[in-house]
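Here's the structure we're looking at; comments come further down.
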Amino acid sequence: MYNQTVARLTYRALLGRRRALLLCALPLLLLIVAGAVRGLTGADDQVTTQLLGGFAMATMVPLIGVIAGTGAIGPEIDDGSVVYLLAKPLKRSSIIVTKLLVAIGVTVTFSAVPTLLAGYILNGNSQQIAVAYAVAAAIASVAYSALFLLLGTVSRHAVVIGLVYALIWEALFGSMVPGARALSVQQWALALAQKVADSGAGISSEVGVTTGVTLLVVATLGGTWYASRKLRTLTLAGEE
Amino acid sequence: MTSLHIDDTSRWFGNVVAVNDITMDIGPGVTGLLGPNGAGKSTLINMMGGFLPPSTGSVTLDTSPIWRNQEAYKEIGLVPEREGMYDFLTGWDFVLANAELHKLPDPAAAARKALATVEMEQAQDRKISTYSKGMRQRVKMASALVHDPSVLLLDEPFNGMDPRQRMQLMQLLRNMGDEGRTVLFSSHILEEVEQLASHIEVIVAGRHAASGDFRKIRRLMTDRPHRYLVRSSDDRRLAAALIADASTAGIQLDWDEKALQIQAIDFGRFTELLPKLAREHGIRLYTVSPSDESLESVFSYLVAA
């Protein structure tokens, strides 16, 4: 299922200069803020939860997911270079699975890893908060990658739609409007964080662990399946 | 030997019919798909390349359908019109990646051979983003040839090429055709098709307007006068002799060109008559050239019909 060449092309496209800068900016900001907060207030579990929950999970992870997920296929479809992948005796599902794995790798690297580091900087993983958020970020990375990869195959405006989802739905409604919360990758992943962290850590989720995990699996598998299907029937309408 | 078959195929987009009930077989050798912009050439090529399903009818490679059939790409090499092609890679990386994606036993050797065929070894280590239009086109060709396909589909391959590059690519395609490959290229530029293709398929407004040898098609249009430009040792006398025969409809003494502009209405008879008359009157013929045997005239004729 995993195709080395597809992976190499995807990595090089994703980690090209401009996109790499974009991918580095948010984690860097998180680490700088974490360092500053630790320096100013000392280790504080509540502040740690607020920063990791409010910024890392609610904003950084979905944004990195948008960049990596849509970037793994959207530009190729836009500029037509995807023809060179598709005009080959290659299973469409193997192209999608490979691109998904690359997107997951990039999202985890640029979101879960910095989340873990920031947690350690903030409170030295007291009450397992750093690990809990890092696990949630990694799990959310998988679902975001699948969903945004799908978005990249179905829409030319994948980045815009992805940003609207990430910023408005996840960051705004997802943390404020109770009804919207149950339909948010962030909340599903937080159900796991809640489980990992000590009970006094103050991490809460709208959904239970079982529901959260089920929805994450459904979103990931469903997104991947539909993206493969979409790629199989991708048409190139003539310019005329 | 692999052939493409298009059977009663139509393709529409919403209310717009791009390809209207076309049937054609494309066999080994070079075939030119000719038509004005917007005629449906790209739509047809996209269907032959497996990137568009026909709305009705079938498009097959020998007997197997091409749409949703990845295995067809073992036989097909595709040179798309669009420019997008992983600009951040070097020419070598790009062609090698294509060879790997075909799962060839020795991708590096195949990439080397393909780049040598298009004479791009010199520039293969430069990034594609630094290439000229012609170089990009040649690297695209290399990527399409890397698995030694029996069918080559090229969508407007000469667009933006300079005359030298155009000649090189034409020679390359001629060689491919001579080797027994099925080479199909689309173009809206008449002289390209005229110079390269032994066989043409003309598409006008989504319809199959004509098929066959270019000159044969032209000759079939007997109801349309043929124009000739003739220079001789005595233009006036030749003109007088020619106009006496029913095969000509008009002759003009073109003072600027120092030549005769002749309108022949009976093509076969005129071509026999001209040398005969010249010999009888002791006139030397310096130039005899059909001044409208270009595809331009075939085109405007077909479009008007």
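By convention in this document, the chains of the structure tokens carry letters A, B, ... by their order, each chain's residues are numbered from 1, and ligands are numbered from 1 in the order they are shown.
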Interface, chain B side, toward chain A (7 Å; only C-alpha atoms) as a list in words: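 Matching residues, ligands excluded from the count: Gly38, Ser42, Thr43, Asn46, Phe51, Leu52, Arg68, Gln70, Glu71, Tyr73, Lys74, Arg82, Gly84, Met85, Tyr86, Ala97, Glu100, Leu101 and His102 of chain B.
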Selection to disk with N, CA and C atoms, as a PDB file, in the first residue's frame:
```
ATOM      1  N   GLY B  38     -11.069  24.710 -29.014  1.00  0.00           N
ATOM      2  CA  GLY B  38     -12.435  24.517 -28.556  1.00  0.00           C
ATOM      3  C   GLY B  38     -13.198  23.484 -29.356  1.00  0.00           C
ATOM      4  N   SER B  42      -8.952  18.250 -26.789  1.00  0.00           N
ATOM      5  CA  SER B  42      -8.464  17.895 -25.450  1.00  0.00           C
ATOM      6  C   SER B  42      -9.421  16.929 -24.776  1.00  0.00           C
ATOM      7  N   THR B  43     -10.713  17.149 -24.964  1.00  0.00           N
ATOM      8  CA  THR B  43     -11.702  16.248 -24.380  1.00  0.00           C
ATOM      9  C   THR B  43     -11.488  14.830 -24.909  1.00  0.00           C
ATOM     10  N   ASN B  46      -8.294  13.461 -23.454  1.00  0.00           N
ATOM     11  CA  ASN B  46      -8.499  13.095 -22.052  1.00  0.00           C
ATOM     12  C   ASN B  46      -9.257  11.776 -21.930  1.00  0.00           C
ATOM     13  N   PHE B  51      -8.718   9.952 -18.462  1.00  0.00           N
ATOM     14  CA  PHE B  51      -8.975  10.982 -17.465  1.00  0.00           C
ATOM     15  C   PHE B  51     -10.354  11.610 -17.594  1.00  0.00           C
ATOM     16  N   LEU B  52     -11.187  10.972 -18.378  1.00  0.00           N
ATOM     17  CA  LEU B  52     -12.540  11.468 -18.566  1.00  0.00           C
ATOM     18  C   LEU B  52     -13.373  10.304 -19.086  1.00  0.00           C
ATOM     19  N   ARG B  68     -10.919   4.192 -15.763  1.00  0.00           N
ATOM     20  CA  ARG B  68     -10.793   3.428 -14.526  1.00  0.00           C
ATOM     21  C   ARG B  68     -10.034   2.112 -14.697  1.00  0.00           C
ATOM     22  N   GLN B  70      -6.257   1.182 -14.561  1.00  0.00           N
ATOM     23  CA  GLN B  70      -4.865   1.588 -14.372  1.00  0.00           C
ATOM     24  C   GLN B  70      -3.897   0.783 -15.230  1.00  0.00           C
ATOM     25  N   GLU B  71      -4.254  -0.464 -15.502  1.00  0.00           N
ATOM     26  CA  GLU B  71      -3.338  -1.337 -16.236  1.00  0.00           C
ATOM     27  C   GLU B  71      -3.061  -0.796 -17.646  1.00  0.00           C
ATOM     28  N   TYR B  73      -2.148   1.988 -18.449  1.00  0.00           N
ATOM     29  CA  TYR B  73      -0.997   2.885 -18.473  1.00  0.00           C
ATOM     30  C   TYR B  73       0.323   2.165 -18.700  1.00  0.00           C
ATOM     31  N   LYS B  74       0.292   0.823 -18.682  1.00  0.00           N
ATOM     32  CA  LYS B  74       1.504   0.087 -19.061  1.00  0.00           C
ATOM     33  C   LYS B  74       1.768   0.272 -20.551  1.00  0.00           C
ATOM     34  N   ARG B  82      -0.974  20.638 -19.934  1.00  0.00           N
ATOM     35  CA  ARG B  82      -0.742  21.519 -18.784  1.00  0.00           C
ATOM     36  C   ARG B  82       0.705  21.478 -18.326  1.00  0.00           C
ATOM     37  N   GLY B  84       1.984  21.940 -15.140  1.00  0.00           N
ATOM     38  CA  GLY B  84       2.333  21.481 -13.798  1.00  0.00           C
ATOM     39  C   GLY B  84       3.113  20.188 -13.840  1.00  0.00           C
ATOM     40  N   MET B  85       4.309  20.166 -13.282  1.00  0.00           N
ATOM     41  CA  MET B  85       5.112  18.943 -13.313  1.00  0.00           C
ATOM     42  C   MET B  85       6.214  18.901 -12.239  1.00  0.00           C
ATOM     43  N   TYR B  86       5.886  19.125 -11.012  1.00  0.00           N
ATOM     44  CA  TYR B  86       6.866  19.000  -9.923  1.00  0.00           C
ATOM     45  C   TYR B  86       8.120  19.836 -10.201  1.00  0.00           C
ATOM     46  N   ALA B  97      11.479   9.293 -11.072  1.00  0.00           N
ATOM     47  CA  ALA B  97      10.258   9.036 -10.290  1.00  0.00           C
ATOM     48  C   ALA B  97       9.191   8.388 -11.169  1.00  0.00           C
ATOM     49  N   GLU B 100      10.064   4.803 -11.618  1.00  0.00           N
ATOM     50  CA  GLU B 100       9.773   4.039 -10.391  1.00  0.00           C
ATOM     51  C   GLU B 100       8.287   3.784 -10.244  1.00  0.00           C
ATOM     52  N   LEU B 101       7.496   4.802 -10.569  1.00  0.00           N
ATOM     53  CA  LEU B 101       6.046   4.649 -10.437  1.00  0.00           C
ATOM     54  C   LEU B 101       5.515   3.584 -11.396  1.00  0.00           C
ATOM     55  N   HIS B 102       6.229   3.363 -12.484  1.00  0.00           N
ATOM     56  CA  HIS B 102       5.838   2.292 -13.407  1.00  0.00           C
ATOM     57  C   HIS B 102       6.340   0.939 -12.915  1.00  0.00           C
TER      58      HIS B 102
END
```
Segment 281-291 of chain B surroundings by only C-alpha atoms, 6 Å radius, close-in-sequence under 5 positions cut, as an MDAnalysis selection string: chainID B and resid 227:233
Residue selection dump (C-alpha atoms) as an mmCIF file, in the first residue's frame:
```cif
data_model
loop_
_atom_site.group_PDB
_atom_site.id
_atom_site.type_symbol
_atom_site.label_atom_id
_atom_site.label_comp_id
_atom_site.auth_asym_id
_atom_site.auth_seq_id
_atom_site.Cartn_x
_atom_site.Cartn_y
_atom_site.Cartn_z
ATOM 1 C CA ARG B 227 -5.332 27.645 -56.161
ATOM 2 C CA TYR B 228 -1.906 27.390 -57.711
ATOM 3 C CA LEU B 229 0.982 29.729 -57.967
ATOM 4 C CA VAL B 230 2.954 29.166 -61.173
ATOM 5 C CA ARG B 231 6.117 30.860 -62.415
ATOM 6 C CA SER B 232 7.317 30.173 -65.926
ATOM 7 C CA SER B 233 9.512 31.492 -68.704
#
```
Atom-to-atom span, atom CA of Lys230 of chain A and atom CA of Gly91 of chain B, Å: 29.5 Å
Residue contacts of segment 18-22 of chain A (12 Å, only C-alpha atoms) excluding same-chain residues fewer than 5 positions away, as a list in words: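 Everything that qualifies: Tyr11, Arg12, Ala13, Pro27, Leu28, Leu29, Met60, Leu63, Ile64, Gly65, Val66, Ile67, Ala68, Thr70, Gly71, Ala72, Pro75, Val106, Thr107, Thr109 and Phe110 of chain A.
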Write the residues of the selection above to a file with N, CA and C atoms, as a PDB file, in the first residue's frame.
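part-v7.pdb, freshly written:
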```
ATOM      1  N   TYR A  11       6.604  14.368   0.295  1.00  0.00           N
ATOM      2  CA  TYR A  11       7.444  15.029   1.301  1.00  0.00           C
ATOM      3  C   TYR A  11       8.110  16.261   0.726  1.00  0.00           C
ATOM      4  N   ARG A  12       8.673  16.100  -0.485  1.00  0.00           N
ATOM      5  CA  ARG A  12       9.401  17.230  -1.062  1.00  0.00           C
ATOM      6  C   ARG A  12       8.467  18.390  -1.378  1.00  0.00           C
ATOM      7  N   ALA A  13       7.240  18.060  -1.772  1.00  0.00           N
ATOM      8  CA  ALA A  13       6.279  19.134  -2.051  1.00  0.00           C
ATOM      9  C   ALA A  13       5.855  19.809  -0.751  1.00  0.00           C
ATOM     10  N   PRO A  27       4.515  26.034  15.810  1.00  0.00           N
ATOM     11  CA  PRO A  27       5.202  25.331  16.898  1.00  0.00           C
ATOM     12  C   PRO A  27       6.240  26.220  17.594  1.00  0.00           C
ATOM     13  N   LEU A  28       6.921  27.035  16.766  1.00  0.00           N
ATOM     14  CA  LEU A  28       7.935  27.917  17.335  1.00  0.00           C
ATOM     15  C   LEU A  28       7.285  28.918  18.286  1.00  0.00           C
ATOM     16  N   LEU A  29       6.160  29.465  17.844  1.00  0.00           N
ATOM     17  CA  LEU A  29       5.415  30.417  18.661  1.00  0.00           C
ATOM     18  C   LEU A  29       4.991  29.761  19.981  1.00  0.00           C
ATOM     19  N   MET A  60      -3.331  25.236  16.870  1.00  0.00           N
ATOM     20  CA  MET A  60      -2.144  24.799  16.153  1.00  0.00           C
ATOM     21  C   MET A  60      -2.348  23.468  15.437  1.00  0.00           C
ATOM     22  N   LEU A  63      -4.573  23.710  12.342  1.00  0.00           N
ATOM     23  CA  LEU A  63      -3.943  24.499  11.280  1.00  0.00           C
ATOM     24  C   LEU A  63      -2.828  23.712  10.594  1.00  0.00           C
ATOM     25  N   ILE A  64      -2.006  23.046  11.404  1.00  0.00           N
ATOM     26  CA  ILE A  64      -0.946  22.216  10.803  1.00  0.00           C
ATOM     27  C   ILE A  64      -1.600  21.103   9.978  1.00  0.00           C
ATOM     28  N   GLY A  65      -2.699  20.578  10.501  1.00  0.00           N
ATOM     29  CA  GLY A  65      -3.429  19.537   9.770  1.00  0.00           C
ATOM     30  C   GLY A  65      -3.912  20.036   8.414  1.00  0.00           C
ATOM     31  N   VAL A  66      -4.407  21.270   8.375  1.00  0.00           N
ATOM     32  CA  VAL A  66      -4.868  21.849   7.104  1.00  0.00           C
ATOM     33  C   VAL A  66      -3.706  21.967   6.127  1.00  0.00           C
ATOM     34  N   ILE A  67      -2.596  22.513   6.630  1.00  0.00           N
ATOM     35  CA  ILE A  67      -1.451  22.728   5.734  1.00  0.00           C
ATOM     36  C   ILE A  67      -0.937  21.394   5.185  1.00  0.00           C
ATOM     37  N   ALA A  68      -0.777  20.409   6.081  1.00  0.00           N
ATOM     38  CA  ALA A  68      -0.208  19.128   5.648  1.00  0.00           C
ATOM     39  C   ALA A  68      -1.223  18.297   4.864  1.00  0.00           C
ATOM     40  N   THR A  70      -4.173  19.154   3.200  1.00  0.00           N
ATOM     41  CA  THR A  70      -4.539  19.652   1.866  1.00  0.00           C
ATOM     42  C   THR A  70      -3.289  19.762   0.988  1.00  0.00           C
ATOM     43  N   GLY A  71      -2.171  20.125   1.619  1.00  0.00           N
ATOM     44  CA  GLY A  71      -0.927  20.303   0.851  1.00  0.00           C
ATOM     45  C   GLY A  71      -0.387  19.008   0.281  1.00  0.00           C
ATOM     46  N   ALA A  72      -0.805  17.870   0.849  1.00  0.00           N
ATOM     47  CA  ALA A  72      -0.286  16.590   0.366  1.00  0.00           C
ATOM     48  C   ALA A  72      -0.850  16.224  -0.997  1.00  0.00           C
ATOM     49  N   PRO A  75      -2.321  20.890  -4.210  1.00  0.00           N
ATOM     50  CA  PRO A  75      -1.559  21.600  -5.238  1.00  0.00           C
ATOM     51  C   PRO A  75      -1.322  20.752  -6.489  1.00  0.00           C
ATOM     52  N   VAL A 106       3.962  14.418   8.998  1.00  0.00           N
ATOM     53  CA  VAL A 106       4.281  15.843   9.070  1.00  0.00           C
ATOM     54  C   VAL A 106       3.467  16.513  10.185  1.00  0.00           C
ATOM     55  N   THR A 107       2.183  16.185  10.270  1.00  0.00           N
ATOM     56  CA  THR A 107       1.337  16.833  11.281  1.00  0.00           C
ATOM     57  C   THR A 107       1.785  16.453  12.689  1.00  0.00           C
ATOM     58  N   THR A 109       4.773  15.493  13.595  1.00  0.00           N
ATOM     59  CA  THR A 109       6.073  16.125  13.856  1.00  0.00           C
ATOM     60  C   THR A 109       5.921  17.592  14.220  1.00  0.00           C
ATOM     61  N   PHE A 110       5.058  18.286  13.482  1.00  0.00           N
ATOM     62  CA  PHE A 110       4.963  19.727  13.701  1.00  0.00           C
ATOM     63  C   PHE A 110       3.892  20.135  14.705  1.00  0.00           C
TER      64      PHE A 110
END
```
Per-residue DSSP, segment 3-228 of chain A, filtered to helix (DSSP H, G or I), as a PyMOL selection string: chain A and resi 4-14+17-41+45-71+74-79+83-86+92-123+126-154+158-176+178-181+185-196+199-201+209-228
Point-to-point distance from atom CA of Gly202 of chain A to atom CA of Ser141 of chain A, Å rounded to tenths: 22.1 Å
Considering only C-alpha atoms, return as a JSON list (two decimals) with C-alpha atoms, in the first residue's frame whatever protein or nucleic-acid residues lie within 12 Å of Gln124 of chain B, sequence-local ones (same chain, fewer than 6 positions apart) excluded.
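Generated file (selection.json):
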```
[["chain", "number", "residue", "atom", "x", "y", "z"],
["B", 89, "LEU", "CA", 12.57, 18.34, -8.88],
["B", 90, "THR", "CA", 15.46, 18.11, -11.31],
["B", 91, "GLY", "CA", 14.74, 16.67, -14.74],
["B", 92, "TRP", "CA", 16.53, 13.51, -13.69],
["B", 93, "ASP", "CA", 14.56, 13.13, -10.43],
["B", 94, "PHE", "CA", 11.33, 13.66, -12.32],
["B", 95, "VAL", "CA", 11.94, 11.08, -15.02],
["B", 96, "LEU", "CA", 13.36, 8.63, -12.47],
["B", 111, "ALA", "CA", 15.36, 7.15, -17.04],
["B", 112, "ARG", "CA", 18.81, 7.48, -18.60],
["B", 114, "ALA", "CA", 14.49, 8.24, -21.98],
["B", 115, "LEU", "CA", 16.48, 11.40, -21.23],
["B", 116, "ALA", "CA", 18.98, 10.45, -23.93],
["B", 118, "VAL", "CA", 15.00, 13.53, -25.93],
["B", 130, "THR", "CA", 14.71, 26.68, -14.54],
["B", 131, "TYR", "CA", 13.78, 24.97, -17.82],
["B", 135, "MET", "CA", 13.03, 21.71, -22.30],
["B", 136, "ARG", "CA", 9.96, 21.11, -20.16],
["B", 138, "ARG", "CA", 11.16, 17.29, -23.78],
["B", 139, "VAL", "CA", 11.29, 16.17, -20.16],
["B", 142, "ALA", "CA", 10.98, 11.52, -21.53]]
```
Who sits within 9 Å of Ser205 of chain A, only C-alpha atoms, same chain under 2 positions skipped, as a PyMOL selection string: chain A and resi 181-182+186-194+203+207-209
Save the residues we just selected, C-alpha atoms, as a PDB file, in the first residue's frame?
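What landed in again.pdb:
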```
ATOM      1  CA  ARG A 181     -18.362  20.527  20.427  1.00  0.00           C
ATOM      2  CA  ALA A 182     -19.605  16.991  19.992  1.00  0.00           C
ATOM      3  CA  GLN A 186     -10.546  18.292  18.899  1.00  0.00           C
ATOM      4  CA  GLN A 187     -13.157  17.121  21.411  1.00  0.00           C
ATOM      5  CA  TRP A 188     -12.901  13.493  20.320  1.00  0.00           C
ATOM      6  CA  ALA A 189      -9.142  13.572  20.830  1.00  0.00           C
ATOM      7  CA  LEU A 190      -9.529  15.395  24.158  1.00  0.00           C
ATOM      8  CA  ALA A 191     -11.579  12.444  25.414  1.00  0.00           C
ATOM      9  CA  LEU A 192      -8.366  10.465  25.207  1.00  0.00           C
ATOM     10  CA  ALA A 193      -6.317  13.223  26.818  1.00  0.00           C
ATOM     11  CA  GLN A 194      -8.772  13.227  29.692  1.00  0.00           C
ATOM     12  CA  ILE A 203      -8.892  18.323  30.919  1.00  0.00           C
ATOM     13  CA  VAL A 207     -17.730  13.103  24.470  1.00  0.00           C
ATOM     14  CA  GLY A 208     -16.814   9.874  26.230  1.00  0.00           C
ATOM     15  CA  VAL A 209     -13.720   7.871  25.275  1.00  0.00           C
TER      16      VAL A 209
END
```
Please, which residues of segment 72-302 of chain B, numbered as in this document, come out strand (DSSP E or B) from DSSP, as a CSV table (one decimal) with C-alpha atoms, in the first residue's frame?
```csv
chain,number,residue,atom,x,y,z
B,76,ILE,CA,0.0,4.4,-22.8
B,77,GLY,CA,2.5,7.3,-22.5
B,78,LEU,CA,0.8,10.6,-21.9
B,79,VAL,CA,2.2,14.1,-22.6
B,90,THR,CA,15.5,18.1,-11.3
B,127,LYS,CA,15.6,22.0,-11.5
B,151,VAL,CA,0.8,4.3,-27.5
B,152,LEU,CA,1.8,7.9,-27.1
B,153,LEU,CA,-0.8,10.6,-26.6
B,154,LEU,CA,0.3,14.2,-26.9
B,182,THR,CA,0.7,4.5,-32.1
B,183,VAL,CA,1.4,8.2,-31.9
B,184,LEU,CA,-1.5,10.7,-31.6
B,185,PHE,CA,-0.9,14.4,-31.2
B,186,SER,CA,-3.4,17.2,-31.2
B,187,SER,CA,-2.8,20.6,-32.8
B,199,HIS,CA,-2.9,10.5,-41.3
B,200,ILE,CA,-5.2,13.1,-39.9
B,201,GLU,CA,-8.4,13.2,-38.0
B,202,VAL,CA,-10.2,16.5,-38.2
B,203,ILE,CA,-12.5,17.6,-35.4
B,204,VAL,CA,-14.7,20.6,-35.8
B,207,ARG,CA,-17.8,16.5,-34.7
B,208,HIS,CA,-15.6,14.2,-36.7
B,209,ALA,CA,-15.2,16.3,-39.9
B,210,ALA,CA,-12.7,14.2,-41.9
B,211,SER,CA,-10.4,11.3,-41.6
B,212,GLY,CA,-7.5,10.0,-43.7
B,226,HIS,CA,-7.7,24.8,-55.9
B,227,ARG,CA,-5.3,27.6,-56.2
B,228,TYR,CA,-1.9,27.4,-57.7
B,229,LEU,CA,1.0,29.7,-58.0
B,230,VAL,CA,3.0,29.2,-61.2
B,231,ARG,CA,6.1,30.9,-62.4
B,232,SER,CA,7.3,30.2,-65.9
B,248,THR,CA,-9.4,26.5,-65.0
B,249,ALA,CA,-11.9,29.1,-63.8
B,250,GLY,CA,-9.6,32.1,-63.5
B,251,ILE,CA,-6.0,33.2,-63.9
B,252,GLN,CA,-4.4,36.3,-62.6
B,253,LEU,CA,-1.1,37.8,-63.6
B,254,ASP,CA,0.3,38.7,-60.2
B,259,ALA,CA,3.7,34.8,-61.1
B,260,LEU,CA,0.4,33.4,-62.2
B,261,GLN,CA,-2.4,32.8,-59.7
B,262,ILE,CA,-4.5,30.1,-61.1
B,263,GLN,CA,-7.8,28.8,-59.9
B,264,ALA,CA,-8.4,25.3,-61.0
B,285,LEU,CA,8.0,26.0,-65.6
B,286,TYR,CA,10.0,27.4,-62.7
B,287,THR,CA,7.5,27.1,-59.8
B,288,VAL,CA,4.3,25.2,-59.5
B,289,SER,CA,3.0,25.3,-55.9
B,290,PRO,CA,-0.5,24.8,-54.6
```
Atomic distance atom CA of Ser10 of chain B - atom CA of Gly49 of chain B, expressed in Å with one decimal: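 So the answer is 15.4 Å.
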Within 10 Å of segment 195-198 of chain B using only C-alpha atoms, minus same-chain residues under 2 positions, as a PyMOL selection string: chain B and resi 29-33+167+169-171+173-174+177+183-185+190-193+200-201+212-215
C-alpha atoms of the current selection, written as a PDB file, in the first residue's frame:
```pdb
ATOM      1  CA  GLY B  29       2.114   5.479 -37.055  1.00  0.00           C
ATOM      2  CA  VAL B  30       1.717   9.194 -36.464  1.00  0.00           C
ATOM      3  CA  THR B  31      -1.814  10.556 -36.461  1.00  0.00           C
ATOM      4  CA  GLY B  32      -2.606  14.238 -36.154  1.00  0.00           C
ATOM      5  CA  LEU B  33      -5.756  15.274 -34.353  1.00  0.00           C
ATOM      6  CA  MET B 167      11.791  20.206 -35.610  1.00  0.00           C
ATOM      7  CA  LEU B 169      10.320  16.898 -31.485  1.00  0.00           C
ATOM      8  CA  MET B 170       8.804  16.229 -34.904  1.00  0.00           C
ATOM      9  CA  GLN B 171      11.764  14.041 -35.820  1.00  0.00           C
ATOM     10  CA  LEU B 173       7.707  11.565 -33.085  1.00  0.00           C
ATOM     11  CA  ARG B 174       8.378  10.469 -36.660  1.00  0.00           C
ATOM     12  CA  GLY B 177       5.787   6.235 -35.526  1.00  0.00           C
ATOM     13  CA  VAL B 183       1.411   8.209 -31.852  1.00  0.00           C
ATOM     14  CA  LEU B 184      -1.455  10.658 -31.622  1.00  0.00           C
ATOM     15  CA  PHE B 185      -0.923  14.370 -31.234  1.00  0.00           C
ATOM     16  CA  LEU B 190      -1.994  23.494 -39.554  1.00  0.00           C
ATOM     17  CA  GLU B 191       1.586  23.352 -40.702  1.00  0.00           C
ATOM     18  CA  GLU B 192       2.534  21.164 -37.759  1.00  0.00           C
ATOM     19  CA  VAL B 193       0.068  18.489 -38.711  1.00  0.00           C
ATOM     20  CA  ILE B 200      -5.165  13.121 -39.860  1.00  0.00           C
ATOM     21  CA  GLU B 201      -8.422  13.188 -38.019  1.00  0.00           C
ATOM     22  CA  GLY B 212      -7.502  10.027 -43.736  1.00  0.00           C
ATOM     23  CA  ASP B 213      -4.518  11.260 -45.687  1.00  0.00           C
ATOM     24  CA  PHE B 214      -4.395  15.039 -45.727  1.00  0.00           C
ATOM     25  CA  ARG B 215      -3.904  15.456 -49.478  1.00  0.00           C
TER      26      ARG B 215
END
```
Residue neighbourhood Gln137 of chain B, 10 Å, only C-alpha atoms, exclusion window fewer than 6 positions, as a VMD selection string: chain B and resid 79 to 81 83 118 131 143 157 to 161 165 169
For the selection you just gave me, I'd like the residues written to a file as an mmCIF file, in the first residue's frame, keeping N, CA and C atoms.
```cif
data_model
loop_
_atom_site.group_PDB
_atom_site.id
_atom_site.type_symbol
_atom_site.label_atom_id
_atom_site.label_comp_id
_atom_site.auth_asym_id
_atom_site.auth_seq_id
_atom_site.Cartn_x
_atom_site.Cartn_y
_atom_site.Cartn_z
ATOM 1 N N VAL B 79 1.527 12.791 -22.704
ATOM 2 C CA VAL B 79 2.179 14.096 -22.595
ATOM 3 C C VAL B 79 1.079 15.145 -22.495
ATOM 4 N N PRO B 80 0.732 15.559 -21.260
ATOM 5 C CA PRO B 80 -0.386 16.494 -21.096
ATOM 6 C C PRO B 80 -0.008 17.888 -21.562
ATOM 7 N N GLU B 81 -1.052 18.667 -21.836
ATOM 8 C CA GLU B 81 -0.800 20.033 -22.275
ATOM 9 C C GLU B 81 -0.405 20.922 -21.102
ATOM 10 N N GLU B 83 1.108 22.576 -17.707
ATOM 11 C CA GLU B 83 2.510 22.760 -17.383
ATOM 12 C C GLU B 83 2.940 22.141 -16.052
ATOM 13 N N VAL B 118 15.446 12.149 -25.705
ATOM 14 C CA VAL B 118 14.997 13.534 -25.934
ATOM 15 C C VAL B 118 16.160 14.531 -25.844
ATOM 16 N N TYR B 131 13.814 25.398 -16.423
ATOM 17 C CA TYR B 131 13.778 24.974 -17.823
ATOM 18 C C TYR B 131 12.992 25.937 -18.703
ATOM 19 N N SER B 143 9.376 11.479 -19.700
ATOM 20 C CA SER B 143 8.593 10.811 -18.659
ATOM 21 C C SER B 143 7.521 9.911 -19.279
ATOM 22 N N PRO B 157 1.547 19.310 -28.294
ATOM 23 C CA PRO B 157 2.939 19.217 -27.835
ATOM 24 C C PRO B 157 3.841 20.339 -28.335
ATOM 25 N N PHE B 158 3.428 21.031 -29.409
ATOM 26 C CA PHE B 158 4.346 22.024 -29.975
ATOM 27 C C PHE B 158 4.081 23.432 -29.470
ATOM 28 N N ASN B 159 3.079 23.590 -28.624
ATOM 29 C CA ASN B 159 2.754 24.912 -28.094
ATOM 30 C C ASN B 159 3.968 25.564 -27.456
ATOM 31 N N GLY B 160 4.275 26.755 -27.881
ATOM 32 C CA GLY B 160 5.333 27.519 -27.233
ATOM 33 C C GLY B 160 6.744 27.062 -27.543
ATOM 34 N N MET B 161 6.901 26.150 -28.490
ATOM 35 C CA MET B 161 8.265 25.706 -28.810
ATOM 36 C C MET B 161 8.846 26.573 -29.912
ATOM 37 N N GLN B 165 13.325 23.513 -31.726
ATOM 38 C CA GLN B 165 12.792 22.493 -30.812
ATOM 39 C C GLN B 165 11.651 21.742 -31.473
ATOM 40 N N LEU B 169 11.411 17.707 -32.015
ATOM 41 C CA LEU B 169 10.320 16.898 -31.485
ATOM 42 C C LEU B 169 9.594 16.177 -32.624
#
```
